[in-house]
Each structure stands twice: as C-alpha cells, then as structure tokens.
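*Asks:* Quick one, input17.tsv (TSV, C-alpha atoms):
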chain	number	residue	atom	x	y	z
D	1	MET	CA	21.71	8.78	-1.28
D	2	GLU	CA	21.32	12.17	0.36
D	3	ARG	CA	23.54	13.82	-2.25
D	4	TYR	CA	21.90	11.96	-5.08
D	5	SER	CA	18.41	12.96	-3.98
D	6	ASN	CA	19.56	16.58	-3.87
D	7	GLY	CA	20.53	16.41	-7.55
D	8	ASP	CA	24.18	15.32	-7.47
D	9	ASP	CA	24.08	12.81	-10.35
D	10	ALA	CA	27.71	11.80	-9.84
D	11	ALA	CA	26.79	10.33	-6.45
D	12	PHE	CA	24.90	7.49	-8.12
D	13	GLY	CA	28.14	5.62	-8.91
D	14	GLU	CA	29.08	5.66	-5.22
D	15	LEU	CA	25.59	4.61	-4.25
D	16	TYR	CA	25.81	1.70	-6.68
D	17	ASP	CA	29.17	0.60	-5.25
D	18	ALA	CA	27.78	0.70	-1.71
D	19	ILE	CA	24.56	-1.18	-2.40
D	20	ALA	CA	25.28	-3.52	-5.31
D	21	PRO	CA	27.38	-6.23	-3.57
D	22	ARG	CA	24.73	-6.94	-0.90
D	23	LEU	CA	21.94	-6.70	-3.40
D	24	LEU	CA	23.68	-9.02	-5.81
D	25	GLY	CA	24.13	-11.62	-3.07
D	26	PHE	CA	20.48	-11.42	-2.13
D	27	LEU	CA	19.28	-11.66	-5.72
D	28	ARG	CA	21.58	-14.58	-6.56
D	29	LYS	CA	20.17	-16.53	-3.64
D	30	ALA	CA	16.61	-15.55	-4.44
D	31	THR	CA	16.64	-16.26	-8.17
D	32	ARG	CA	19.53	-18.69	-8.75
D	33	ASP	CA	19.62	-17.29	-12.27
D	34	GLY	CA	22.32	-14.96	-13.53
D	35	CYS	CA	20.20	-13.21	-16.16
D	36	ALA	CA	17.28	-12.67	-13.77
D	37	THR	CA	19.68	-11.35	-11.13
D	38	GLU	CA	21.09	-8.74	-13.51
D	39	ASP	CA	17.64	-7.79	-14.73
D	40	LEU	CA	16.24	-7.36	-11.23
D	41	MET	CA	19.35	-5.50	-10.11
D	42	GLN	CA	18.86	-2.99	-12.92
D	43	GLN	CA	15.16	-2.63	-12.14
D	44	THR	CA	15.88	-2.06	-8.44
D	45	PHE	CA	18.30	0.74	-9.24
D	46	LEU	CA	15.82	2.25	-11.67
D	47	HIS	CA	13.22	2.32	-8.89
D	48	ILE	CA	15.71	3.99	-6.55
D	49	HIS	CA	16.53	6.47	-9.29
D	50	ARG	CA	12.86	7.28	-9.95
D	51	ALA	CA	12.14	7.80	-6.26
D	52	ARG	CA	15.25	9.82	-5.48
D	53	GLY	CA	13.37	13.09	-5.25
D	54	SER	CA	11.11	11.75	-2.52
D	55	PHE	CA	13.93	10.31	-0.41
D	56	ILE	CA	13.53	11.27	3.26
D	57	PRO	CA	16.72	12.89	4.55
D	58	GLY	CA	18.38	10.63	7.10
D	59	ALA	CA	16.20	7.60	6.33
D	60	PRO	CA	17.98	4.22	6.26
D	61	VAL	CA	18.55	3.14	2.67
D	62	MET	CA	19.04	-0.61	2.82
D	63	PRO	CA	15.63	-1.68	4.21
D	64	TRP	CA	14.00	0.40	1.49
D	65	VAL	CA	16.22	-1.09	-1.23
D	66	PHE	CA	15.62	-4.62	0.00
D	67	ALA	CA	11.88	-4.01	0.18
D	68	ILE	CA	11.89	-2.87	-3.47
D	69	THR	CA	14.00	-5.87	-4.49
D	70	ARG	CA	11.83	-8.31	-2.59
D	71	ARG	CA	8.68	-6.95	-4.26
D	72	LEU	CA	10.34	-7.23	-7.66
D	73	VAL	CA	11.41	-10.82	-6.97
D	74	ILE	CA	7.91	-11.76	-5.77
D	75	ASP	CA	6.28	-10.04	-8.72
D	76	VAL	CA	8.53	-11.76	-11.24
D	77	ALA	CA	7.98	-15.12	-9.52
D	78	ARG	CA	4.22	-14.61	-9.67
D	79	ARG	CA	4.35	-13.75	-13.35
D	80	GLN	CA	6.46	-16.80	-14.03
D	81	ARG	CA	4.00	-19.01	-12.15
D	82	VAL	CA	1.13	-17.60	-14.18
D	83	GLU	CA	3.06	-18.08	-17.41
D	84	GLN	CA	3.98	-21.62	-16.41
D	85	GLY	CA	0.32	-22.26	-15.71
D	86	LEU	CA	-0.64	-20.92	-19.13
D	87	PHE	CA	2.10	-22.68	-21.04
D	88	ALA	CA	2.57	-25.78	-18.92
D	89	ARG	CA	5.69	-27.42	-20.22
D	90	VAL	CA	7.06	-30.89	-19.68
D	91	PRO	CA	10.55	-30.70	-18.18
D	92	ALA	CA	13.31	-31.93	-20.41
D	93	ASP	CA	14.94	-35.25	-19.52
D	94	ASP	CA	18.20	-33.68	-18.45
D	95	GLU	CA	16.26	-31.30	-16.20
D	96	ARG	CA	14.52	-34.21	-14.50
D	97	THR	CA	17.68	-36.14	-13.81
D	98	ARG	CA	19.43	-33.06	-12.47
D	99	TYR	CA	17.10	-33.03	-9.47
D	100	GLU	CA	17.31	-36.77	-8.94
D	101	PRO	CA	20.90	-37.56	-7.98
D	102	ALA	CA	19.83	-40.73	-6.17
D	103	ALA	CA	17.94	-42.02	-9.17
D	104	GLU	CA	20.62	-44.56	-10.08
D	105	THR	CA	20.58	-46.32	-6.72
D	106	ALA	CA	16.93	-45.95	-5.77
D	107	THR	CA	14.18	-48.24	-6.94
D	108	THR	CA	11.56	-46.96	-9.35
D	109	GLY	CA	9.01	-46.90	-6.52
D	110	ASP	CA	11.27	-44.78	-4.33
D	111	VAL	CA	11.84	-42.29	-7.12
D	112	LEU	CA	8.12	-42.03	-7.81
D	113	ASP	CA	7.38	-41.55	-4.11
D	114	ALA	CA	10.06	-38.89	-3.78
D	115	ARG	CA	8.78	-37.09	-6.84
D	116	ARG	CA	5.19	-37.20	-5.58
D	117	LEU	CA	6.24	-35.92	-2.19
D	118	GLU	CA	8.28	-33.12	-3.73
D	119	ARG	CA	5.30	-32.13	-5.88
D	120	ARG	CA	2.95	-32.13	-2.87
D	121	VAL	CA	5.34	-30.07	-0.76
D	122	GLN	CA	5.73	-27.58	-3.61
D	123	GLN	CA	1.94	-27.40	-4.07
D	124	ARG	CA	1.48	-26.80	-0.36
D	125	LEU	CA	4.19	-24.14	-0.41
D	126	ASP	CA	2.50	-22.44	-3.36
D	127	ALA	CA	-0.84	-22.53	-1.57
D	128	LEU	CA	0.51	-20.81	1.54
D	129	PRO	CA	-0.29	-17.13	2.05
D	130	GLU	CA	2.32	-14.93	0.39
D	131	THR	CA	3.53	-13.58	3.72
D	132	GLN	CA	4.18	-17.05	5.16
D	133	ARG	CA	5.79	-18.36	1.98
D	134	THR	CA	8.18	-15.42	1.70
D	135	ALA	CA	9.20	-15.64	5.36
D	136	TYR	CA	9.75	-19.40	5.04
D	137	GLN	CA	11.76	-19.06	1.84
D	138	LEU	CA	13.96	-16.32	3.30
D	139	VAL	CA	14.63	-18.00	6.63
D	140	LYS	CA	14.55	-21.72	5.87
D	141	GLN	CA	15.58	-21.89	2.23
D	142	GLU	CA	17.83	-18.86	1.78
D	143	GLY	CA	19.35	-19.03	5.26
D	144	VAL	CA	18.73	-15.33	5.94
D	145	SER	CA	18.87	-14.45	9.66
D	146	LEU	CA	15.62	-13.65	11.47
D	147	LYS	CA	16.73	-10.07	12.07
D	148	ARG	CA	17.63	-9.52	8.43
D	149	ALA	CA	14.39	-11.19	7.27
D	150	ALA	CA	12.44	-8.85	9.56
D	151	GLU	CA	14.22	-5.86	7.99
D	152	LEU	CA	13.53	-7.13	4.49
D	153	LEU	CA	9.87	-7.81	5.16
D	154	GLY	CA	9.33	-4.65	7.17
D	155	ILE	CA	7.92	-6.58	10.14
D	156	SER	CA	9.08	-7.57	13.63
D	157	VAL	CA	11.34	-10.55	14.36
D	158	THR	CA	8.47	-12.17	16.28
D	159	ALA	CA	6.23	-11.88	13.23
D	160	VAL	CA	8.91	-13.51	11.06
D	161	LYS	CA	9.22	-16.37	13.56
D	162	LEU	CA	5.46	-16.79	13.62
D	163	ARG	CA	5.06	-16.81	9.84
D	164	THR	CA	7.97	-19.19	9.36
D	165	HIS	CA	6.62	-21.51	12.01
D	166	ARG	CA	3.13	-21.54	10.49
D	167	ALA	CA	4.56	-22.34	7.07
D	168	TYR	CA	6.72	-25.06	8.63
D	169	VAL	CA	3.74	-26.61	10.39
D	170	ALA	CA	1.74	-26.58	7.15
D	171	LEU	CA	4.56	-28.28	5.24
D	172	ARG	CA	5.10	-30.81	8.01
D	173	GLY	CA	1.41	-31.62	7.69
D	174	VAL	CA	2.07	-32.75	4.11
D	175	LEU	CA	4.81	-35.11	5.29
D	176	GLY	CA	2.46	-36.43	7.97
D	177	ASP	CA	-0.24	-37.12	5.39
D	178	GLU	CA	2.26	-38.92	3.18
D	179	SER	CA	3.52	-41.19	5.95
D	180	ALA	CA	-0.07	-41.96	6.95
D	181	LEU	CA	-0.82	-42.95	3.35
D	182	SER	CA	2.24	-45.15	3.05
K	1	MET	CA	30.44	-8.01	-9.63
K	2	SER	CA	30.93	-7.12	-13.25
K	3	ALA	CA	31.87	-3.68	-14.45
K	4	GLU	CA	29.65	-4.39	-17.43
K	5	LEU	CA	26.58	-4.64	-15.21
K	6	LYS	CA	27.47	-1.38	-13.48
K	7	ALA	CA	27.90	0.35	-16.85
K	8	GLN	CA	24.56	-1.09	-17.97
K	9	VAL	CA	22.78	0.19	-14.82
K	10	LEU	CA	24.41	3.61	-15.07
K	11	ALA	CA	23.40	3.89	-18.74
K	12	ALA	CA	19.80	2.86	-17.94
K	13	VAL	CA	19.62	5.44	-15.16
K	14	ALA	CA	21.17	8.16	-17.30
K	15	ALA	CA	18.62	7.46	-20.05
K	16	GLU	CA	15.70	8.04	-17.71
K	17	PRO	CA	15.32	11.54	-16.30
K	18	SER	CA	14.25	11.66	-12.67
K	19	PRO	CA	13.53	14.86	-10.74
K	20	ALA	CA	15.65	15.69	-7.69
K	21	ARG	CA	14.17	16.67	-4.34
K	22	ALA	CA	13.62	20.36	-5.12
K	23	ALA	CA	11.70	19.54	-8.30
K	24	VAL	CA	9.60	16.90	-6.51
K	25	GLU	CA	8.74	19.39	-3.76
K	26	ARG	CA	7.63	21.93	-6.38
K	27	ARG	CA	5.59	19.29	-8.17
K	28	ASN	CA	3.94	18.20	-4.91
K	29	ALA	CA	3.10	21.80	-4.05
K	30	VAL	CA	1.38	22.20	-7.42
K	31	ILE	CA	-0.49	18.91	-6.96
K	32	THR	CA	-1.61	20.00	-3.48
K	33	ILE	CA	-2.98	23.28	-4.84
K	34	ILE	CA	-4.79	21.47	-7.66
K	35	ALA	CA	-6.23	18.94	-5.20
K	36	ALA	CA	-7.45	21.63	-2.83
K	37	ALA	CA	-8.90	23.61	-5.74
K	38	SER	CA	-10.67	20.53	-7.13
K	39	GLY	CA	-12.20	19.73	-3.71
K	40	ILE	CA	-13.33	23.28	-3.05
K	41	GLY	CA	-14.52	23.65	-6.67
K	42	ALA	CA	-16.57	20.46	-6.42
K	43	PHE	CA	-18.10	21.72	-3.17
K	44	LEU	CA	-19.00	25.09	-4.70
K	45	VAL	CA	-20.50	23.51	-7.82
K	46	PHE	CA	-22.50	21.04	-5.75
K	47	ALA	CA	-23.71	23.72	-3.33
K	48	SER	CA	-24.75	26.06	-6.14
K	49	PHE	CA	-26.72	23.35	-7.97
K	50	ILE	CA	-28.30	21.66	-4.98
K	51	SER	CA	-28.86	24.47	-2.48
K	52	ASN	CA	-28.72	27.77	-4.37
K	53	GLY	CA	-25.09	28.51	-3.54
K	54	GLN	CA	-25.47	27.95	0.20
K	55	MET	CA	-22.26	26.51	1.58
K	56	LEU	CA	-23.24	26.81	5.20
K	57	ARG	CA	-26.67	25.41	5.94
K	58	LEU	CA	-27.98	25.69	9.45
K	59	GLY	CA	-31.24	23.77	9.16
K	60	GLY	CA	-34.75	23.98	7.82
K	61	GLU	CA	-38.24	22.59	7.95
K	62	ILE	CA	-38.25	18.84	8.56
K	63	ALA	CA	-42.04	18.51	8.87
K	64	PRO	CA	-44.88	20.97	8.31
K	65	HIS	CA	-44.51	23.74	10.86
K	66	TYR	CA	-41.52	22.06	12.46
K	67	HIS	CA	-38.18	23.82	12.03
K	68	VAL	CA	-34.81	22.67	13.34
K	69	GLU	CA	-31.76	24.84	13.17
K	70	ARG	CA	-28.13	24.33	14.22
K	71	SER	CA	-26.39	27.07	16.08
K	72	ILE	CA	-23.19	28.59	14.71
K	73	GLY	CA	-21.48	27.29	17.83
K	74	LEU	CA	-22.43	23.71	16.93
K	75	VAL	CA	-21.22	24.16	13.33
K	76	VAL	CA	-17.89	25.61	14.47
K	77	THR	CA	-17.43	22.87	17.07
K	78	THR	CA	-18.25	19.93	14.79
K	79	ALA	CA	-16.40	21.27	11.74
K	80	GLY	CA	-13.43	22.35	13.85
K	81	GLY	CA	-13.11	18.92	15.47
K	82	ALA	CA	-13.54	17.21	12.10
K	83	LEU	CA	-10.80	19.45	10.71
K	84	GLY	CA	-8.46	18.33	13.48
K	85	ILE	CA	-9.22	14.64	12.82
K	86	ALA	CA	-8.80	15.21	9.06
K	87	ALA	CA	-5.39	16.80	9.71
K	88	MET	CA	-4.39	13.71	11.70
K	89	ALA	CA	-5.64	11.44	8.91
K	90	LEU	CA	-3.58	13.42	6.38
K	91	TRP	CA	-0.50	13.21	8.59
K	92	LEU	CA	-0.99	9.47	8.89
K	93	ALA	CA	-1.65	8.85	5.19
K	94	LEU	CA	0.88	11.17	3.59
K	95	GLY	CA	3.67	11.20	6.15
K	96	ARG	CA	6.16	8.37	6.13
K	97	GLY	CA	7.87	8.98	9.44
K	98	ARG	CA	11.63	8.58	9.23
K	99	SER	CA	11.53	5.53	7.00
K	100	MET	CA	11.27	5.22	3.25
K	101	LEU	CA	9.02	2.22	3.84
K	102	GLY	CA	6.31	4.44	5.26
K	103	ARG	CA	4.02	3.67	8.15
K	104	SER	CA	3.73	0.16	9.51
K	105	ARG	CA	0.71	-2.03	8.86
K	106	SER	CA	-0.61	-1.54	12.41
K	107	TRP	CA	-0.43	2.26	12.14
K	108	LEU	CA	-2.27	2.23	8.82
K	109	LEU	CA	-4.91	-0.22	10.04
K	110	CYS	CA	-5.51	1.63	13.31
K	111	GLY	CA	-5.67	4.98	11.56
K	112	GLY	CA	-8.01	3.67	8.87
K	113	ALA	CA	-10.38	2.31	11.50
K	114	LEU	CA	-10.15	5.10	14.06
K	115	VAL	CA	-10.60	8.09	11.73
K	116	PRO	CA	-14.20	7.23	10.64
K	117	ILE	CA	-15.08	6.17	14.20
K	118	GLY	CA	-13.56	9.37	15.60
K	119	LEU	CA	-15.38	11.59	13.10
K	120	LEU	CA	-18.72	9.92	13.79
K	121	ALA	CA	-18.22	9.98	17.56
K	122	TRP	CA	-17.26	13.67	17.47
K	123	LYS	CA	-20.26	14.61	15.34
K	124	VAL	CA	-22.73	12.63	17.48
K	125	GLY	CA	-21.14	13.71	20.74
K	126	CYS	CA	-21.22	17.40	19.85
K	127	SER	CA	-24.77	17.18	18.47
K	128	LEU	CA	-26.05	15.45	21.62
K	129	THR	CA	-24.92	18.39	23.69
K	130	PHE	CA	-26.80	20.81	21.46
K	131	GLY	CA	-30.38	19.68	22.05
K	132	TYR	CA	-32.43	19.22	18.88
K	133	ALA	CA	-29.59	18.42	16.50
K	134	MET	CA	-30.20	14.66	16.57
K	135	VAL	CA	-33.87	14.62	15.49
K	136	PRO	CA	-34.81	12.34	12.56
K	137	TRP	CA	-35.16	13.90	9.09
K	138	PRO	CA	-37.36	11.34	7.26
K	139	ASP	CA	-36.78	12.75	3.76
K	140	ARG	CA	-32.97	12.94	4.10
K	141	PRO	CA	-31.54	9.40	3.93
K	142	GLY	CA	-28.08	10.81	3.16
K	143	LEU	CA	-27.70	10.19	-0.54
K	144	ARG	CA	-26.87	13.82	-1.35
K	145	CYS	CA	-24.25	13.89	1.39
K	146	LEU	CA	-22.85	10.64	-0.01
K	147	ALA	CA	-22.59	12.18	-3.48
K	148	LEU	CA	-21.06	15.39	-2.12
K	149	SER	CA	-18.45	13.47	-0.12
K	150	LEU	CA	-17.39	11.37	-3.10
K	151	LEU	CA	-17.32	14.40	-5.39
K	152	VAL	CA	-15.19	16.48	-3.04
K	153	ALA	CA	-12.80	13.64	-2.13
K	154	THR	CA	-12.04	12.27	-5.59
K	155	GLY	CA	-9.55	15.00	-6.58
K	156	PRO	CA	-7.60	14.86	-3.30
K	157	LEU	CA	-7.43	11.04	-3.40
K	158	LEU	CA	-5.94	11.08	-6.91
K	159	ALA	CA	-3.56	13.84	-5.83
K	160	PHE	CA	-2.37	11.86	-2.81
K	161	LEU	CA	-1.67	8.84	-5.02
K	162	ALA	CA	0.18	11.04	-7.52
K	163	MET	CA	2.32	12.53	-4.76
K	164	ARG	CA	3.25	9.18	-3.25
K	165	ARG	CA	3.87	7.34	-6.56
K	166	SER	CA	5.37	4.22	-5.00
K	167	ALA	CA	4.98	2.15	-1.84
K	168	PRO	CA	7.25	-0.90	-1.68
K	169	ILE	CA	5.30	-2.39	1.23
K	170	HIS	CA	1.53	-2.36	1.91
K	171	PRO	CA	0.53	-0.43	-1.24
K	172	ALA	CA	-3.14	-1.31	-0.80
K	173	LEU	CA	-3.18	-0.23	2.85
K	174	ASN	CA	-1.42	3.00	1.96
K	175	GLY	CA	-4.01	3.63	-0.75
K	176	ALA	CA	-6.84	2.85	1.69
K	177	SER	CA	-5.33	5.23	4.22
K	178	MET	CA	-5.20	7.96	1.55
K	179	GLY	CA	-8.85	7.26	0.71
K	180	VAL	CA	-9.80	7.68	4.36
K	181	ALA	CA	-7.78	10.93	4.56
K	182	ALA	CA	-9.46	12.31	1.44
K	183	GLY	CA	-12.84	11.30	2.86
K	184	ALA	CA	-12.03	12.98	6.18
K	185	CYS	CA	-11.25	16.24	4.32
K	186	ALA	CA	-14.57	15.92	2.48
K	187	TRP	CA	-16.31	15.30	5.82
K	188	VAL	CA	-15.39	18.85	6.92
K	189	ALA	CA	-17.07	20.34	3.84
K	190	VAL	CA	-20.11	18.11	4.22
K	191	ASP	CA	-20.33	19.08	7.87
K	192	LEU	CA	-20.74	22.73	6.89
K	193	TRP	CA	-23.37	21.90	4.31
K	194	CYS	CA	-25.45	19.26	6.10
K	195	PRO	CA	-27.48	20.15	9.20
K	196	VAL	CA	-28.61	16.57	9.86
K	197	ALA	CA	-27.07	14.62	12.74
K	198	PHE	CA	-29.54	11.74	12.76
K	199	VAL	CA	-27.37	8.61	13.12
K	200	PRO	CA	-28.77	6.51	10.19
K	201	HIS	CA	-28.27	9.56	7.96
K	202	LEU	CA	-24.71	9.97	9.24
K	203	LEU	CA	-23.94	6.32	8.55
K	204	ILE	CA	-25.19	6.43	4.96
K	205	GLY	CA	-24.25	9.95	3.97
K	206	HIS	CA	-21.08	10.58	5.96
K	207	VAL	CA	-19.44	7.30	7.02
K	208	LEU	CA	-20.25	5.13	3.98
K	209	PRO	CA	-18.35	7.43	1.58
K	210	LEU	CA	-15.25	7.05	3.77
K	211	LEU	CA	-15.53	3.28	3.44
K	212	ILE	CA	-16.09	3.53	-0.31
K	213	LEU	CA	-13.07	5.83	-0.63
K	214	ALA	CA	-10.96	3.48	1.50
K	215	GLY	CA	-11.88	0.57	-0.79
K	216	THR	CA	-11.23	2.59	-3.93
K	217	GLY	CA	-7.96	3.83	-2.46
K	218	ALA	CA	-6.92	0.25	-1.69
K	219	LEU	CA	-7.61	-0.86	-5.26
K	220	LEU	CA	-5.86	2.15	-6.78
K	221	GLY	CA	-2.99	1.84	-4.31
K	222	GLN	CA	-2.43	-1.79	-5.25
K	223	ALA	CA	-2.55	-0.92	-8.94
K	224	LEU	CA	-0.55	2.32	-8.92
K	225	LEU	CA	1.77	2.27	-5.91
K	226	SER	CA	3.05	-1.30	-5.84
K	227	VAL	CA	6.50	-2.13	-7.17
K	228	ARG	CA	6.31	-4.27	-10.28
K	229	GLY	CA	9.01	-6.13	-12.14
K	230	ARG	CA	9.41	-7.97	-15.41
K	231	LEU	CA	12.15	-10.12	-16.81
K	232	ARG	CA	13.27	-9.45	-20.35
Could you show the structure in this file as structure tokens?
*Replies:*
Amino acid sequence: MERYSNGDDAAFGELYDAIAPRLLGFLRKATRDGCATEDLMQQTFLHIHRARGSFIPGAPVMPWVFAITRRLVIDVARRQRVEQGLFARVPADDERTRYEPAAETATTGDVLDARRLERRVQQRLDALPETQRTAYQLVKQEGVSLKRAAELLGISVTAVKLRTHRAYVALRGVLGDESALS
Amino acid sequence: MSAELKAQVLAAVAAEPSPARAAVERRNAVITIIAAASGIGAFLVFASFISNGQMLRLGGEIAPHYHVERSIGLVVTTAGGALGIAAMALWLALGRGRSMLGRSRSWLLCGGALVPIGLLAWKVGCSLTFGYAMVPWPDRPGLRCLALSLLVATGPLLAFLAMRRSAPIHPALNGASMGVAAGACAWVAVDLWCPVAFVPHLLIGHVLPLLILAGTGALLGQALLSVRGRLR
C-alpha cells in the first residue's frame, strides 16, 4: 500500500493479491450472493484506489479495508431494504419451500407458527439500532471472532460484547413473548 | 478467487485516475491556502462594511457617557488562548493519528464538547481578571458576531471536508468535529473584532455559531464523507 500510495501503479496487483482472499471470504459470508460479492469487492478496491493519496504511511491496511467493506455492505443492505419496501414482492413458491425443510413432516399449524416467529425475529432484528444489529450479525450469524469484529467495527472488544448481548436480549424477548402467547 | 474478477478490478482501477500522495499533498496545500484566504477575506469584508475597516476593536460607548475599553493585553491574552484551542481543534479534526480510520468516537465527542467549553471558559476567565470587560452591552445581543462567525467559518469547513473526502467510520462525527474546528478558527477573528464579554452575548454570538457549524458539519459529513455502495 505504501508503494501504491507513492505512485507505483504496479503495486496494486500485489495489494490485490494480499487483500482479496480475506475480503472475498468476508463478503461471501456477509452477502451469500456471488454477484453482490464481486460487485462489492470491486467497489472496495475502487475506494482504496481513490484514497491512495491520503494513505498514512505505516497505518494498518486491513482494518481500513474492512471498515470500507462493512460500510458498503450495510449501505447496499439498506438500499435493498428500502427497495423491498417500495416494491414489496411475494416470494416465489420454490423460495418459500427452500427455507422450510421441515415442512413435509410438520403440521400446518407448526409451519405457520414457525413462519410467524421467523417474521417477528426478523422484524425485531431490523428494528434494532444499526450498531447492535451489525455486531450481532457479525458475531452470532457470521461466526466472526470478537476480536475481529472489534477490528471491523472500529470499537473495543467490550463494546462488541455489549452490543451483541443487547441485541441477543432483545431477540430473546421476542421468543419470550411468543411462548407467553402460545 | 477468479482471475477474471482480478482483471475486472484492475481494469476498473486503471480506468479511474487517482492522484498519488505527492499530488494529494499539493492539492491539500492549495485548498488550505484558499480556505485561509476565504476566512480572512470574509473577515475583512465584514469588518469594512460593519465597522469601517476596523479589524481590532477595543470597545466603545455602551450607554450615554459610559465608555468601556479592552486593553491590548486582554485582546492578546484572549485571542492567543483561543488560537491555541483552535489549533488543538484543528489537530483533532484533521489529524487521523496513525490509523486510516481516523479518531475514535470518544476522541471526536470529547473534542467536540470540550472545544466550545474551553473557548468560552478562557474568554470569561481572562475577562474576569481584567475588570470592566464583563459589563452588559444591552444593544449587542450577539447577532453580528453570529453572522461574522458563520461567514468566516464557512470556507474553512468546506475546505476541511474537501481535504478529508472520505471517512469509513463516524462520518457525521468527523464532519461535526470539522465544523467545531472551523468555528474555533472563526472565534479567534471574532475575538479581535468584538469587545463584548457579557456571557449572554458570548452564548449567542460566539458559542451558538460553533453549535450551528457542528450540526452543519455533521450533516455534510454524513452526506459527503460516508462510504456508499450500489449493486449493479
């Protein structure tokens, strides 16, 4: 990065080789979509490229790169949520069954309950503050370590634990409400 | 990892020119000069229209037959201290430490809160030690100082945002911090021009513009500095 920021254009290939594998892994987990992964990968490198002149000599590269990537992922997810809100679509039949592997053995009531619970959990997750949701998704859903999550989010490990715990408590509250109802 | 993706990324990067460090440093130097010139120019224009070209005002008549005047020592002390605090605010807002992520949230929040408090405390503290400096000026609520602060600080704030360009984390806080730094620079100029140290006047004319600039900086920072993505 040092050489690239000083104007050595050939160094970009090496930079790409050093960063891309870790970035690709992160993006695949975050998006679960090949096209989106490639798109976001390209955008991340474009951001690095645009900011190369302001790179601080000796600064660690990966936290910066992951911070850019995380912002891009969050931004794209937000846009998609807005678009989904605007053009609410009914999921296709094959899409519904894909998420219901137990549908054949479960009763209709069980399936409806599970679907309602899933919807409520998702709604609660969406309603969480961005900071809590991101920490929860990274740690609990993506399986990222606390230390790595702290690096990615630019906060301390304690703060990651706190945010994840708060999100967890909020989501557990939904399950509590459901069991009280049933 | 596909070679096709790498070729695609390399082609996209090659198609978009991006200045290297030397060019960015030159550009930032030019922006700094323009920002300083715009601030000083705004101050000169304001002073020439409002107070017949006086850039250093020591006092005047605040009631019939009642004159109050600051001493040069008071002006030098208050403006000098404000200059020091403004330098710290600039260091906090524009410096990024040794990380490309910039200052942490706590640094930005503490700096954003402490700079206005520090400036006000310095001004009041110095004025208290100089006798008559704190007397009320009934016809000076502080609106002209407010206008002068905003006028002087606008150019520097835009310049700071142009120099930073991108903040992957806390873009709004970074913008707010830049607003406070620009306001602190304007405070020094206003301190030379304004002889009033009456606290309600200071709150409206000197501290309020810092808060306005912090808010504007936060909005602009969120809009201009944050990293945005879009899927094709």
*Asks:* What are the residues of chain K that have an atom within 12 Å of an atom of chain D, counting all atoms listed in the file, as an MDAnalysis selection string?
*Replies:* chainID K and resid 1:28 94:106 163:171 225:232
*Asks:* Counting all atoms listed in the file, I want the residues whose atoms come within 7 Å of (-18.9, 10.9, 7.5) in the file frame, returned as a list in words.
*Replies:*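 Protein, DNA and RNA residues close to (-18.9, 10.9, 7.5): Pro116, Leu119, Leu120, Trp187, Leu202, Leu203, Gly205, His206, Val207, Leu208, Pro209 and Leu210 of chain K.
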*Asks:* What would the file look like if the residues just selected were written as a CSV table (one decimal), in the frame of the given file with C-alpha atoms?
*Replies:*
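Writing done, so here's again25.csv:
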chain,number,residue,atom,x,y,z
K,116,PRO,CA,-14.2,7.2,10.6
K,119,LEU,CA,-15.4,11.6,13.1
K,120,LEU,CA,-18.7,9.9,13.8
K,187,TRP,CA,-16.3,15.3,5.8
K,202,LEU,CA,-24.7,10.0,9.2
K,203,LEU,CA,-23.9,6.3,8.6
K,205,GLY,CA,-24.2,10.0,4.0
K,206,HIS,CA,-21.1,10.6,6.0
K,207,VAL,CA,-19.4,7.3,7.0
K,208,LEU,CA,-20.2,5.1,4.0
K,209,PRO,CA,-18.4,7.4,1.6
K,210,LEU,CA,-15.2,7.0,3.8
*Asks:* Suppose you want the space between CA of Leu108 in chain K and CA of Cys145 in chain K; what is it in Å?
*Replies:* 26.0 Å
*Asks:* Return the single residue from D:Gln137, D:Gln123, D:Thr158, D:Thr31 that is closest to Val174 in chain D, with distances computed using only C-alpha atoms.
*Replies:* D:Gln123
*Asks:* What is the CA of Gly173 in chain D-CA of Leu125 in chain D distance in Å, reported with one decimal?
*Replies:*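 Atom-to-atom, CA of Gly173 in chain D to CA of Leu125 in chain D, that is 11.4 Å.
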*Asks:* To one decimal place, how far is CA of Thr216 in chain K from CA of Gly175 in chain K in Å?
*Replies:*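 So the answer is 8.0 Å.
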*Asks:* Mind listing as a PyMOL selection string all residues within 8 Å of (-14.9, 20.5, 3.4), counting all atoms listed in the file?
*Replies:* chain K and resi 39-40+43+152+185-192
*Asks:* So which one's closest to Ala135 in chain D, D:Arg116, D:Arg32, D:Lys147, D:Arg78? Using all atoms listed in the file, please.
*Replies:* D:Lys147
*Asks:* When distances are computed from only C-alpha atoms, which of K:Ala79, K:Leu173, K:Leu211, K:Val68 shows the smallest separation from Trp107 in chain K?
*Replies:*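 Using only C-alpha atoms, the shortest distance to Trp107 in chain K belongs to K:Leu173.
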*Asks:* Would you mind telling me which residue in K:Thr77, K:Ser38, K:Ser127, K:Gln54 lies nearest to Val196 in chain K when using only C-alpha atoms?
*Replies:*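 Nearest to Val196 in chain K: K:Ser127.
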*Asks:* Give me the residues near Met134 in chain K as an mmCIF file with C-alpha atoms, in the coordinates of the input, where near means some atom within 12 Å (using all atoms listed in the file) and where sequence neighbours in that chain fewer than 5 positions away do not count.
*Replies:*
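Produced file around.cif, reproduced below:
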data_model
loop_
_atom_site.group_PDB
_atom_site.id
_atom_site.type_symbol
_atom_site.label_atom_id
_atom_site.label_comp_id
_atom_site.auth_asym_id
_atom_site.auth_seq_id
_atom_site.Cartn_x
_atom_site.Cartn_y
_atom_site.Cartn_z
ATOM 1 C CA GLY K 59 -31.240 23.770 9.160
ATOM 2 C CA VAL K 68 -34.810 22.670 13.340
ATOM 3 C CA GLU K 69 -31.760 24.840 13.170
ATOM 4 C CA ARG K 70 -28.130 24.330 14.220
ATOM 5 C CA LEU K 74 -22.430 23.710 16.930
ATOM 6 C CA LYS K 123 -20.260 14.610 15.340
ATOM 7 C CA VAL K 124 -22.730 12.630 17.480
ATOM 8 C CA GLY K 125 -21.140 13.710 20.740
ATOM 9 C CA CYS K 126 -21.220 17.400 19.850
ATOM 10 C CA SER K 127 -24.770 17.180 18.470
ATOM 11 C CA LEU K 128 -26.050 15.450 21.620
ATOM 12 C CA THR K 129 -24.920 18.390 23.690
ATOM 13 C CA PRO K 195 -27.480 20.150 9.200
ATOM 14 C CA VAL K 196 -28.610 16.570 9.860
ATOM 15 C CA ALA K 197 -27.070 14.620 12.740
ATOM 16 C CA PHE K 198 -29.540 11.740 12.760
ATOM 17 C CA VAL K 199 -27.370 8.610 13.120
ATOM 18 C CA PRO K 200 -28.770 6.510 10.190
ATOM 19 C CA HIS K 201 -28.270 9.560 7.960
ATOM 20 C CA LEU K 202 -24.710 9.970 9.240
#
